[in-house]
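To be precise, the following lines are start07.cif, and they hold mmCIF, C-alpha atoms.
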```
data_protein
loop_
_atom_site.label_atom_id
_atom_site.label_comp_id
_atom_site.auth_asym_id
_atom_site.auth_seq_id
_atom_site.Cartn_x
_atom_site.Cartn_y
_atom_site.Cartn_z
CA MET H 1 23.37 -22.60 7.10
CA ARG H 2 26.99 -22.25 8.19
CA VAL H 3 29.40 -20.22 10.31
CA ILE H 4 30.62 -17.29 8.18
CA GLY H 5 33.97 -16.37 9.74
CA GLY H 6 36.47 -16.91 12.51
CA LYS H 7 37.55 -20.10 14.24
CA TYR H 8 34.59 -22.21 13.06
CA ARG H 9 34.38 -20.70 9.55
CA SER H 10 32.40 -22.77 7.00
CA ARG H 11 31.24 -25.30 9.60
CA PRO H 12 27.57 -26.29 9.14
CA LEU H 13 24.79 -25.39 11.58
CA ARG H 14 21.56 -27.29 12.02
CA SER H 15 18.16 -25.57 11.89
CA LEU H 16 14.57 -26.43 12.75
CA ARG H 17 11.79 -27.25 10.33
CA GLY H 18 8.18 -26.23 10.70
CA MET H 19 8.64 -24.07 13.79
CA ASP H 20 8.36 -20.33 14.21
CA VAL H 21 12.13 -20.14 13.83
CA ARG H 22 13.61 -18.10 11.02
CA PRO H 23 17.39 -18.24 11.27
CA THR H 24 19.27 -15.08 10.36
CA SER H 25 20.49 -15.79 6.83
CA ASP H 26 24.18 -16.33 6.13
CA ARG H 27 24.23 -13.18 4.00
CA LEU H 28 22.59 -11.00 6.65
CA ARG H 29 24.87 -12.43 9.37
CA GLU H 30 27.88 -11.61 7.18
CA THR H 31 26.62 -8.02 6.76
CA LEU H 32 25.99 -7.70 10.51
CA PHE H 33 29.48 -8.87 11.43
CA ASN H 34 31.11 -6.73 8.73
CA VAL H 35 29.43 -3.68 10.30
CA LEU H 36 30.45 -4.67 13.84
CA THR H 37 34.08 -5.45 12.97
CA ALA H 38 34.51 -2.59 10.44
CA GLY H 39 37.52 -4.27 8.82
CA ASN H 40 39.15 -5.24 12.13
CA PRO H 41 38.91 -9.06 12.49
CA SER H 42 39.80 -8.88 16.20
CA ALA H 43 37.21 -6.17 17.04
CA LEU H 44 34.91 -8.60 18.87
CA GLU H 45 37.55 -10.39 20.92
CA GLY H 46 36.61 -10.46 24.59
CA SER H 47 33.08 -9.13 24.00
CA VAL H 48 29.96 -10.23 25.88
CA TRP H 49 26.82 -11.00 23.83
CA LEU H 50 23.15 -11.58 24.48
CA ASP H 51 21.52 -13.63 21.71
CA LEU H 52 17.81 -13.14 22.48
CA PHE H 53 15.20 -15.35 20.82
CA ALA H 54 18.29 -17.31 19.83
CA GLY H 55 16.51 -19.88 17.63
CA THR H 56 19.36 -21.96 16.20
CA GLY H 57 22.05 -19.96 18.02
CA ALA H 58 23.63 -18.93 14.69
CA VAL H 59 24.35 -15.30 15.66
CA GLY H 60 25.80 -16.15 19.09
CA ILE H 61 27.87 -18.99 17.63
CA GLU H 62 29.19 -16.59 14.97
CA ALA H 63 30.20 -14.23 17.80
CA LEU H 64 32.02 -17.05 19.63
CA SER H 65 33.74 -18.02 16.38
CA ARG H 66 35.04 -14.45 16.11
CA GLY H 67 36.43 -14.25 19.65
CA ALA H 68 33.53 -13.27 21.93
CA LYS H 69 34.36 -14.05 25.55
CA GLU H 70 30.81 -15.02 26.51
CA VAL H 71 27.45 -15.45 24.83
CA TYR H 72 24.14 -15.76 26.66
CA PHE H 73 21.69 -17.69 24.47
CA VAL H 74 18.12 -16.92 25.57
CA GLU H 75 15.50 -19.22 24.03
CA SER H 76 12.24 -20.45 25.57
CA ALA H 77 11.18 -23.05 22.93
CA ALA H 78 12.44 -26.50 23.99
CA PRO H 79 13.06 -27.80 20.42
CA ALA H 80 15.15 -24.71 19.60
CA VAL H 81 17.12 -25.11 22.85
CA GLU H 82 18.03 -28.64 21.73
CA VAL H 83 19.16 -27.35 18.32
CA ILE H 84 21.38 -24.72 19.99
CA ARG H 85 22.83 -27.41 22.27
CA GLY H 86 23.45 -29.67 19.26
CA ASN H 87 25.10 -26.90 17.23
CA LEU H 88 27.43 -26.01 20.11
CA GLN H 89 28.33 -29.70 20.62
CA SER H 90 28.94 -30.33 16.91
CA LEU H 91 31.47 -27.48 16.90
CA GLY H 92 33.11 -28.67 20.12
CA ILE H 93 32.20 -25.47 22.00
CA VAL H 94 32.21 -26.38 25.69
CA ASP H 95 32.65 -23.02 27.42
CA GLY H 96 32.20 -19.29 26.87
CA PHE H 97 28.43 -19.52 26.81
CA LYS H 98 25.34 -19.85 28.98
CA LEU H 99 22.11 -21.29 27.63
CA LEU H 100 19.06 -19.81 29.35
CA PRO H 101 15.99 -21.89 28.35
CA GLU H 102 13.40 -19.44 29.69
CA GLU H 103 11.21 -16.44 28.88
CA LEU H 104 12.85 -13.01 28.72
CA PRO H 105 11.66 -11.32 31.92
CA ARG H 106 13.05 -14.21 33.96
CA ALA H 107 16.28 -14.37 31.88
CA PHE H 108 16.82 -10.60 32.26
CA TRP H 109 16.32 -10.87 36.02
CA ARG H 110 18.82 -13.75 36.21
CA MET H 111 21.47 -11.95 34.12
CA GLU H 112 21.07 -8.70 36.06
CA ARG H 113 21.63 -10.59 39.32
CA GLN H 114 24.85 -11.99 37.80
CA ARG H 115 25.85 -8.42 36.87
CA VAL H 116 26.06 -9.17 33.17
CA ALA H 117 26.96 -6.11 31.08
CA ALA H 118 26.57 -6.82 27.36
CA ASP H 119 28.70 -5.30 24.64
CA VAL H 120 26.29 -6.52 21.94
CA VAL H 121 22.63 -7.51 22.24
CA PHE H 122 20.99 -9.17 19.24
CA LEU H 123 17.24 -9.76 19.17
CA ASP H 124 15.33 -11.56 16.48
CA PRO H 125 11.85 -12.52 17.72
CA PRO H 126 9.30 -14.06 15.34
CA TYR H 127 8.36 -11.21 12.98
CA ARG H 128 4.63 -11.57 13.73
CA LEU H 129 5.17 -10.70 17.43
CA LYS H 130 5.35 -6.92 16.99
CA ASP H 131 4.73 -6.15 20.69
CA VAL H 132 7.70 -8.30 21.67
CA TYR H 133 10.07 -5.84 19.94
CA THR H 134 8.67 -2.91 21.89
CA ASN H 135 8.59 -4.76 25.21
CA THR H 136 12.11 -6.17 24.81
CA LEU H 137 13.72 -2.90 23.70
CA ARG H 138 11.97 -1.00 26.50
CA ALA H 139 13.09 -3.61 29.05
CA LEU H 140 16.68 -3.39 27.77
CA ALA H 141 16.61 0.42 28.03
CA ASP H 142 15.53 0.11 31.67
CA SER H 143 17.96 -2.68 32.57
CA SER H 144 21.54 -2.79 33.81
CA LEU H 145 22.39 -5.24 30.99
CA VAL H 146 23.04 -2.37 28.57
CA TRP H 147 25.72 0.25 29.25
CA ALA H 148 27.13 3.29 27.41
CA MET H 149 29.18 1.29 24.89
CA SER H 150 26.59 -1.44 24.24
CA VAL H 151 25.09 -1.89 20.79
CA VAL H 152 21.58 -3.34 20.60
CA ILE H 153 20.55 -4.76 17.22
CA ALA H 154 17.00 -5.74 16.27
CA GLU H 155 16.34 -7.79 13.14
CA HIS H 156 12.88 -7.08 11.70
CA GLU H 157 10.83 -6.91 8.54
CA LYS H 158 11.26 -3.89 6.27
CA LYS H 159 7.51 -3.19 6.46
CA PHE H 160 7.65 -2.94 10.27
CA ASP H 161 9.48 -0.27 12.26
CA PRO H 162 9.96 -1.08 15.98
CA ASN H 163 10.56 2.63 16.80
CA GLU H 164 13.33 5.24 16.91
CA GLU H 165 13.76 5.33 20.67
CA PHE H 166 12.94 3.65 23.94
CA GLY H 167 13.80 6.07 26.72
CA PRO H 168 17.59 6.52 26.58
CA LEU H 169 17.97 3.77 23.95
CA ARG H 170 18.01 5.41 20.53
CA ARG H 171 18.40 4.09 17.01
CA PHE H 172 21.52 5.37 15.27
CA ARG H 173 21.57 3.19 12.16
CA ARG H 174 19.10 1.31 9.98
CA LEU H 175 20.53 -1.21 7.53
CA VAL H 176 18.21 -2.64 4.88
CA GLN H 177 18.96 -5.91 3.09
CA GLY H 178 16.14 -7.14 0.86
CA SER H 179 12.96 -7.43 2.95
CA THR H 180 14.91 -7.49 6.23
CA VAL H 181 16.23 -4.61 8.34
CA LEU H 182 18.80 -4.41 11.12
CA SER H 183 18.08 -1.50 13.49
CA PHE H 184 21.06 -0.49 15.66
CA TYR H 185 20.44 1.19 19.02
CA ARG H 186 22.68 2.72 21.68
CA LEU H 187 22.19 4.65 24.92
CA GLY H 188 22.68 8.40 24.61
CA SER H 189 21.45 11.53 22.91
CA ALA H 190 21.14 11.70 19.14
CA THR H 191 24.25 13.92 18.84
CA ASP H 192 26.39 11.29 20.63
CA LEU H 193 25.44 8.50 18.25
CA ARG H 194 27.46 7.57 15.21
CA ILE H 195 29.05 4.47 13.70
#
```

Output the file's structure as structure tokens, nothing else.
Amino acid sequence: MRVIGGKYRSRPLRSLRGMDVRPTSDRLRETLFNVLTAGNPSALEGSVWLDLFAGTGAVGIEALSRGAKEVYFVESAAPAVEVIRGNLQSLGIVDGFKLLPEELPRAFWRMERQRVAADVVFLDPPYRLKDVYTNTLRALADSSLVWAMSVVIAEHEKKFDPNEEFGPLRRFRRLVQGSTVLSFYRLGSATDLRI
């Protein structure tokens, strides 16, 4: 596993063995960032990210590599938190991030109190936890963390569909790669949504 592009391009990232952690593959991360940058390498400069169920931190680190101003890594499993810490240290990343080693409701509450407004939210819970997708997307739709220009992306199995909408949060794109899908959501009516 490595950083795909930007400042830390080609640098290796450490993962975890034997845990319920399934890092977003290099290929899928490359596809995700190609969609988000749409040919403009500086498109993510100054953006604020939430990397939920961060695992190894690969997606958030990729965002920092490509110019994100701040990434909030939310991960409750202590071994994964240590891997994220180690990956950040090995790349020499000392600022531009906050590591929140706690469960989501508490992390959401903390970020809302700090008036965090995310440009991009990426969530990749363990595939077997189907209810977690619904609960997290519903909580995001009801939170102040997501605003009109935010993009929320859920990585999930092809055989599972989290849902088209969660209140004002509606899916506007579904990108299939092998057995994995990226579902893209945004606030607004269906006619407003396009990418």

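Using only C-alpha atoms, the smallest distance between any of H:Pro126, H:Gly188, H:Gly96, H:Gly86 and H:Gly60 comes from H:Gly96.
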
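Shortest separation to H:Lys69 among H:Val120, H:Ser90, H:Thr24, H:Val81 occurs at residue H:Val120, atoms counted being only C-alpha atoms.
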
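Using all atoms listed in the file, the residues found no farther than 12 Å from H:Tyr8, other than those of its own chain fewer than 3 positions away, are Arg2, Val3, Ile4, Gly5, Arg11, Pro12, Leu13, Ala58, Ile61, Glu62, Ala63, Leu64, Ser65, Arg66, Gly67, Asn87, Leu88, Ser90, Leu91, Gly92 and Ile93 of chain H.
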
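Residue nearest H:Ala154 within the list H:Phe172, H:Leu129, H:Arg115, H:Leu123: H:Leu123 [criterion: smallest interatomic distance, all atoms listed in the file].
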
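What separates atom CA of H:Gln89 from atom CA of H:Asn40 is a distance of 28.1 Å.
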
query = Just so the selection is clear, what residues does the PyMOL selection byres ((chain H and resi 152) around 8) cover here, as JSON, numbers by chain?
reply = {"H": [120, 121, 122, 123, 150, 151, 153, 154, 184, 185, 186]}

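Closest approach to H:Leu100 from the set H:Asp51, H:Asp124, H:Asp119, H:Asp161 is made by H:Asp51, with distances taken over all atoms listed in the file.
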
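Put simply, atom CA of H:Glu70 is 4.9 Å away from atom CA of H:Val48.
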
message = Just checking: using only C-alpha atoms, which residue out of H:Arg171, H:Val83, H:Thr37, H:Arg128 ends up closest to H:Arg17?
response = H:Val83

task = Determine, counting all atoms listed in the file, which protein, DNA and RNA residues have an atom within 8 Å of an atom of H:Val181; residues of the same chain fewer than 3 positions away are not included. Present the result as a list in words.
result = Glu155, His156, Glu157, Lys158, Arg174, Leu175, Val176, Gln177 and Gly178 of chain H

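Proximity ranking of H:Leu187, H:Leu182, H:Val74, H:Ala117 relative to H:Phe33 places H:Leu182 first, based on all atoms listed in the file.
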
Got a sec: who's within 12 Å of H:Asn135, counting only C-alpha atoms, leaving out chain neighbours fewer than 2 positions off, as an mmCIF file with C-alpha atoms, in the coordinates of the input?
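Generated output (out.cif):
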```
data_model
loop_
_atom_site.group_PDB
_atom_site.id
_atom_site.type_symbol
_atom_site.label_atom_id
_atom_site.label_comp_id
_atom_site.auth_asym_id
_atom_site.auth_seq_id
_atom_site.Cartn_x
_atom_site.Cartn_y
_atom_site.Cartn_z
ATOM 1 C CA LEU H 104 12.850 -13.010 28.720
ATOM 2 C CA PRO H 105 11.660 -11.320 31.920
ATOM 3 C CA LEU H 123 17.240 -9.760 19.170
ATOM 4 C CA PRO H 125 11.850 -12.520 17.720
ATOM 5 C CA LEU H 129 5.170 -10.700 17.430
ATOM 6 C CA LYS H 130 5.350 -6.920 16.990
ATOM 7 C CA ASP H 131 4.730 -6.150 20.690
ATOM 8 C CA VAL H 132 7.700 -8.300 21.670
ATOM 9 C CA TYR H 133 10.070 -5.840 19.940
ATOM 10 C CA LEU H 137 13.720 -2.900 23.700
ATOM 11 C CA ARG H 138 11.970 -1.000 26.500
ATOM 12 C CA ALA H 139 13.090 -3.610 29.050
ATOM 13 C CA LEU H 140 16.680 -3.390 27.770
ATOM 14 C CA ALA H 141 16.610 0.420 28.030
ATOM 15 C CA ASP H 142 15.530 0.110 31.670
ATOM 16 C CA PRO H 162 9.960 -1.080 15.980
ATOM 17 C CA ASN H 163 10.560 2.630 16.800
ATOM 18 C CA PHE H 166 12.940 3.650 23.940
#
```

task = Tell me which residues the PyMOL selection byres ((chain H and resi 77) around 10) grabs here, as number ranges by chain.
result = H: 19-21, 53-55, 74-76, 78-82, 101-103

inquiry  = Assuming the chain letters and numbering stay as they are in my file, what does the PyMOL selection byres ((chain H and resi 46) around 6) actually select? List them as a ChimeraX atom specification.
reply    = /H:45,47,68-69

Prev. selection, C-alpha atoms, output as an mmCIF file, in the frame of the given file:
```cif
data_model
loop_
_atom_site.group_PDB
_atom_site.id
_atom_site.type_symbol
_atom_site.label_atom_id
_atom_site.label_comp_id
_atom_site.auth_asym_id
_atom_site.auth_seq_id
_atom_site.Cartn_x
_atom_site.Cartn_y
_atom_site.Cartn_z
ATOM 1 C CA GLU H 45 37.550 -10.390 20.920
ATOM 2 C CA SER H 47 33.080 -9.130 24.000
ATOM 3 C CA ALA H 68 33.530 -13.270 21.930
ATOM 4 C CA LYS H 69 34.360 -14.050 25.550
#
```

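Relative to atom CA of H:Met111, atom CA of H:Leu145 is found at 7.5 Å.
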
key: Spatial sel., origin (28.0, -20.8, 29.4), limit 8 Å, only C-alpha atoms, listed as a ChimeraX atom specification   = /H:70-72,94-99

Please dump the current selection as a PDB file, in the coordinates of the input; keep C-alpha atoms.
```pdb
ATOM      1  CA  GLU H  70      30.810 -15.020  26.510  1.00  0.00           C
ATOM      2  CA  VAL H  71      27.450 -15.450  24.830  1.00  0.00           C
ATOM      3  CA  TYR H  72      24.140 -15.760  26.660  1.00  0.00           C
ATOM      4  CA  VAL H  94      32.210 -26.380  25.690  1.00  0.00           C
ATOM      5  CA  ASP H  95      32.650 -23.020  27.420  1.00  0.00           C
ATOM      6  CA  GLY H  96      32.200 -19.290  26.870  1.00  0.00           C
ATOM      7  CA  PHE H  97      28.430 -19.520  26.810  1.00  0.00           C
ATOM      8  CA  LYS H  98      25.340 -19.850  28.980  1.00  0.00           C
ATOM      9  CA  LEU H  99      22.110 -21.290  27.630  1.00  0.00           C
TER      10      LEU H  99
END
```

task = Please provide the set of residues having any atom within 9 Å of H:Ser25, restricted to only C-alpha atoms, with same-chain residues fewer than 4 positions apart removed, written as a list in words.
result = Met1, Arg29 and Glu30 of chain H
